[in-house]
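Engineer: Next comes input-v4.txt, compact mmCIF, C-alpha atoms:
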```txt
# COMPACT_ATOMS: atom_id res chain seq x y z
CA MET W 1 36.19 27.77 47.01
CA LYS W 2 33.75 25.07 45.95
CA ASN W 3 32.61 24.68 42.36
CA THR W 4 28.88 24.92 41.62
CA THR W 5 26.95 22.47 39.46
CA GLY W 6 26.99 24.94 36.58
CA GLU W 7 30.77 25.26 36.82
CA TRP W 8 31.15 21.47 36.76
CA ILE W 9 28.94 21.29 33.67
CA LEU W 10 31.06 23.97 31.97
CA MET W 11 34.25 22.09 32.89
CA LEU W 12 32.74 18.88 31.48
CA LEU W 13 31.82 20.75 28.29
CA ILE W 14 35.39 22.03 27.94
CA THR W 15 36.84 18.59 28.63
CA GLY W 16 34.34 17.02 26.23
CA ILE W 17 35.55 19.40 23.52
CA CYS W 18 39.21 18.67 24.29
CA ILE W 19 38.85 14.88 23.94
CA PRO W 20 38.14 14.90 20.17
CA LEU W 21 40.88 17.48 19.70
CA ILE W 22 43.35 15.18 21.44
CA GLY W 23 42.08 12.34 19.22
CA ALA W 24 42.58 14.48 16.12
CA TYR W 25 46.16 15.24 17.18
CA TRP W 26 46.73 11.52 17.77
CA ILE W 27 45.55 10.79 14.23
CA GLN W 28 47.72 13.61 12.88
CA PHE W 29 50.97 12.97 14.77
CA VAL W 30 50.87 9.23 15.51
CA GLU W 31 48.95 7.85 12.53
CA GLY W 32 50.36 10.41 10.09
CA GLU W 33 47.09 11.71 8.61
CA PHE W 34 47.20 15.43 7.93
CA PRO W 35 44.09 17.56 8.51
CA CYS W 36 42.47 19.30 5.58
CA PRO W 37 41.58 23.03 5.73
CA LEU W 38 37.98 22.21 6.76
CA CYS W 39 39.32 20.00 9.56
CA LEU W 40 41.47 22.89 10.76
CA LEU W 41 38.41 25.16 10.80
CA GLN W 42 36.52 22.59 12.88
CA ARG W 43 39.41 22.49 15.36
CA LEU W 44 39.29 26.27 15.54
CA ALA W 45 35.54 26.16 16.21
CA MET W 46 36.04 23.60 18.99
CA LEU W 47 38.60 25.87 20.60
CA GLY W 48 36.10 28.75 20.30
CA VAL W 49 33.51 26.64 22.14
CA ALA W 50 36.02 25.97 24.89
CA ILE W 51 37.03 29.63 25.15
CA GLY W 52 33.41 30.78 25.52
CA ALA W 53 32.89 28.28 28.34
CA MET W 54 36.18 29.33 29.91
CA MET W 55 35.05 32.97 29.90
CA ASN W 56 31.98 31.93 31.93
CA LEU W 57 34.20 30.15 34.43
CA ARG W 58 36.70 32.96 34.78
CA PHE W 59 34.61 36.12 34.49
CA GLY W 60 31.18 34.92 35.59
CA VAL W 61 28.21 33.77 33.57
CA ARG W 62 27.19 36.18 30.84
CA THR W 63 24.99 35.81 27.81
CA SER W 64 27.85 37.18 25.70
CA HIS W 65 30.09 34.30 26.86
CA TYR W 66 27.39 31.80 25.96
CA ALA W 67 27.08 33.58 22.60
CA VAL W 68 30.79 32.96 21.89
CA THR W 69 30.21 29.27 22.60
CA LEU W 70 27.03 29.10 20.51
CA PHE W 71 28.42 31.00 17.52
CA SER W 72 31.56 28.83 17.57
CA ALA W 73 29.41 25.69 17.68
CA LEU W 74 27.18 26.96 14.86
CA PHE W 75 30.24 27.78 12.74
CA GLY W 76 31.73 24.36 13.47
CA ALA W 77 28.44 22.64 12.63
CA ALA W 78 28.28 24.51 9.31
CA VAL W 79 31.85 23.53 8.42
CA SER W 80 31.22 19.91 9.46
CA THR W 81 28.04 19.78 7.40
CA ARG W 82 29.92 21.21 4.40
CA GLN W 83 32.54 18.49 4.68
CA ILE W 84 29.93 15.75 5.11
CA LEU W 85 28.15 16.97 1.98
CA LEU W 86 31.43 16.93 0.03
CA HIS W 87 31.75 13.20 0.75
CA ILE W 88 28.12 12.06 0.70
CA MET W 89 28.12 10.44 -2.74
CA PRO W 90 27.98 6.63 -2.80
CA GLY W 91 31.43 5.18 -3.28
CA ASP W 92 33.20 8.23 -1.80
CA SER W 93 35.43 6.94 1.00
CA GLY W 94 35.57 10.34 2.69
CA TYR W 95 38.59 12.20 3.99
CA GLY W 96 40.79 10.41 6.47
CA SER W 97 40.12 7.25 8.40
CA ALA W 98 36.94 6.52 10.35
CA VAL W 99 36.69 6.32 14.13
CA PHE W 100 33.98 3.91 15.31
CA GLY W 101 32.60 3.95 11.78
CA TRP W 102 32.33 7.73 11.40
CA HIS W 103 34.80 10.23 9.99
CA LEU W 104 36.07 12.98 12.28
CA TYR W 105 33.96 15.61 10.54
CA THR W 106 30.81 13.57 11.23
CA TRP W 107 31.83 13.31 14.89
CA GLY W 108 32.43 17.06 14.75
CA LEU W 109 28.84 17.71 13.69
CA VAL W 110 27.53 15.50 16.52
CA ILE W 111 29.76 17.29 19.04
CA PHE W 112 28.75 20.76 17.83
CA MET W 113 25.05 19.87 17.94
CA ALA W 114 25.46 18.42 21.46
CA THR W 115 27.23 21.62 22.50
CA ILE W 116 24.34 23.73 21.23
CA ALA W 117 21.92 21.55 23.21
CA VAL W 118 23.97 21.73 26.42
CA VAL W 119 24.40 25.50 26.21
CA GLY W 120 20.69 25.92 25.45
CA LEU W 121 19.84 23.90 28.55
CA MET W 122 22.31 25.90 30.64
CA MET W 123 20.71 29.14 29.50
CA LEU W 124 17.32 27.99 30.82
CA PHE W 125 18.57 28.55 34.35
CA GLU W 126 18.02 32.30 34.57
CA LYS W 127 19.24 32.73 38.13
CA GLN W 128 22.80 32.65 36.83
CA PHE W 129 22.15 35.91 34.95
CA GLU W 130 21.14 38.00 37.97
CA LEU W 131 22.16 41.64 37.81
CA GLY W 132 24.82 42.71 40.23
CA ALA W 133 26.86 39.57 39.79
CA VAL W 134 30.60 39.85 40.18
CA THR W 135 32.31 41.23 37.08
CA THR W 136 35.91 40.86 38.25
CA PRO W 137 37.85 37.70 37.52
CA ARG W 138 36.94 34.94 39.95
CA PRO W 139 39.47 32.83 41.82
CA MET W 140 40.16 29.59 39.99
CA THR W 141 40.06 26.19 41.62
CA LYS W 142 42.51 23.45 40.65
CA PRO W 143 40.01 21.65 38.36
CA VAL W 144 39.31 24.94 36.55
CA MET W 145 43.04 25.63 36.18
CA ALA W 146 43.55 22.11 34.82
CA VAL W 147 40.96 22.49 32.04
CA PHE W 148 42.31 25.97 31.24
CA ALA W 149 45.84 24.55 30.92
CA LEU W 150 44.56 21.78 28.64
CA VAL W 151 42.84 24.26 26.32
CA ILE W 152 45.91 26.50 26.24
CA LEU W 153 48.12 23.50 25.40
CA LEU W 154 45.77 22.36 22.62
CA THR W 155 45.56 25.91 21.23
CA ALA W 156 49.35 26.20 21.14
CA ALA W 157 49.60 22.78 19.45
CA ASN W 158 47.02 23.85 16.87
CA ILE W 159 48.86 27.08 16.09
CA ALA W 160 52.24 25.36 15.82
CA SER W 161 51.10 22.39 13.72
CA THR W 162 49.04 24.56 11.37
CA PHE W 163 51.95 26.95 10.88
CA LEU W 164 54.34 24.06 10.17
CA MET W 165 51.86 22.53 7.74
CA CYS W 166 50.79 25.69 5.89
CA GLY W 167 53.29 28.43 6.68
CA LEU W 168 51.80 31.84 5.96
CA ALA W 169 50.11 30.65 2.76
CA PRO W 170 46.66 29.07 2.42
CA CYS W 171 46.67 25.43 3.50
CA PRO W 172 46.70 22.84 0.71
CA ASP W 173 43.47 20.90 0.08
CA GLY W 174 45.10 17.52 0.62
CA PRO W 175 48.22 18.10 2.72
CA GLU W 176 50.82 15.32 2.60
CA ASN W 177 53.64 16.83 4.66
CA TYR W 178 54.67 19.74 6.82
CA LEU W 179 55.49 22.49 4.33
CA LEU W 180 58.03 24.18 6.59
CA LEU W 181 59.77 20.91 7.53
CA SER W 182 59.95 19.36 4.05
CA ASN W 183 62.67 21.59 2.60
```
Please render this file's structure as structure tokens.

Structural biologist:
Amino acid sequence: MKNTTGEWILMLLITGICIPLIGAYWIQFVEGEFPCPLCLLQRLAMLGVAIGAMMNLRFGVRTSHYAVTLFSALFGAAVSTRQILLHIMPGDSGYGSAVFGWHLYTWGLVIFMATIAVVGLMMLFEKQFELGAVTTPRPMTKPVMAVFALVILLTAANIASTFLMCGLAPCPDGPENYLLLSN
């Protein structure tokens, strides 16, 4: 089965969301910077964006799947904006180190806004919403399976690292260690 242009765009969107998540894990595990609660919410929103796009790939294009992606991106943009506004005062060095001059939460806002733009453009192509389209799960090609596996791996890593860092309690504002590994 050959992938359509729309499917390739969705796979690129998913991959584009996974790249900053991989970078965030690099900063967390290799450079030793722990994510704050707002950072964790942004990661969750990025995974929501990916899951909405994955639903379109697996179950066919639906406005409800695009809505999952859009609402996740809007939530992520709101959280990113909140974190930017917390560190906007002159002299505030922000939370965490900068990547190419911007903090991860600033990159998050750019990524969420780009996601909203891409999904908006995708929704302009109305032919994909024709009635009578297949509603059963579609066969998955190897590229689709690869991006699905990547998102599943990143989701599992997010669950495990957040649990180790916070346990079942609310996450600390400025985490400095893994709560469940420090005892």

Engineer: Is it possible to get the axis-aligned box enclosing stretch 55-74 of chain W (all listed atoms, 5 Å extra per side) as lines of an AutoDock Vina configuration file, with centre and edge lengths in Å rounded to one decimal?

Structural biologist:
```
center_x = 30.8
center_y = 31.4
center_z = 25.2
size_x = 21.7
size_y = 21.5
size_z = 30.7
```

Engineer: Of the candidates W:Met145, W:Met165, W:Leu180, W:Ala50, which shows the shortest atom-to-atom distance to W:Phe34, using only C-alpha atoms?

Structural biologist: W:Met165

Engineer: I'd like the neighbourhood of W:Ile159 as a PyMOL selection string, where a residue qualifies if any of its atoms comes within 12 Å (using only C-alpha atoms), though same-chain residues fewer than 3 positions away should be ignored.

Structural biologist: chain W and resi 40-41+43-44+47+152-156+162-168

Engineer: Using all atoms listed in the file, find the one residue out of W:Val110, W:Val151, W:Ala24, W:Met123 that sits nearest to W:Ala67.

Structural biologist: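 Closest candidate: W:Met123.
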
Engineer: Which residues, written as a VMD selection string, have at least one atom at most 10 Å from W:Met122, with all atoms listed in the file counted and residues fewer than 3 positions away on the same chain left out?

Structural biologist: chain W and resid 6 9 to 10 66 116 to 119 125 to 126 128
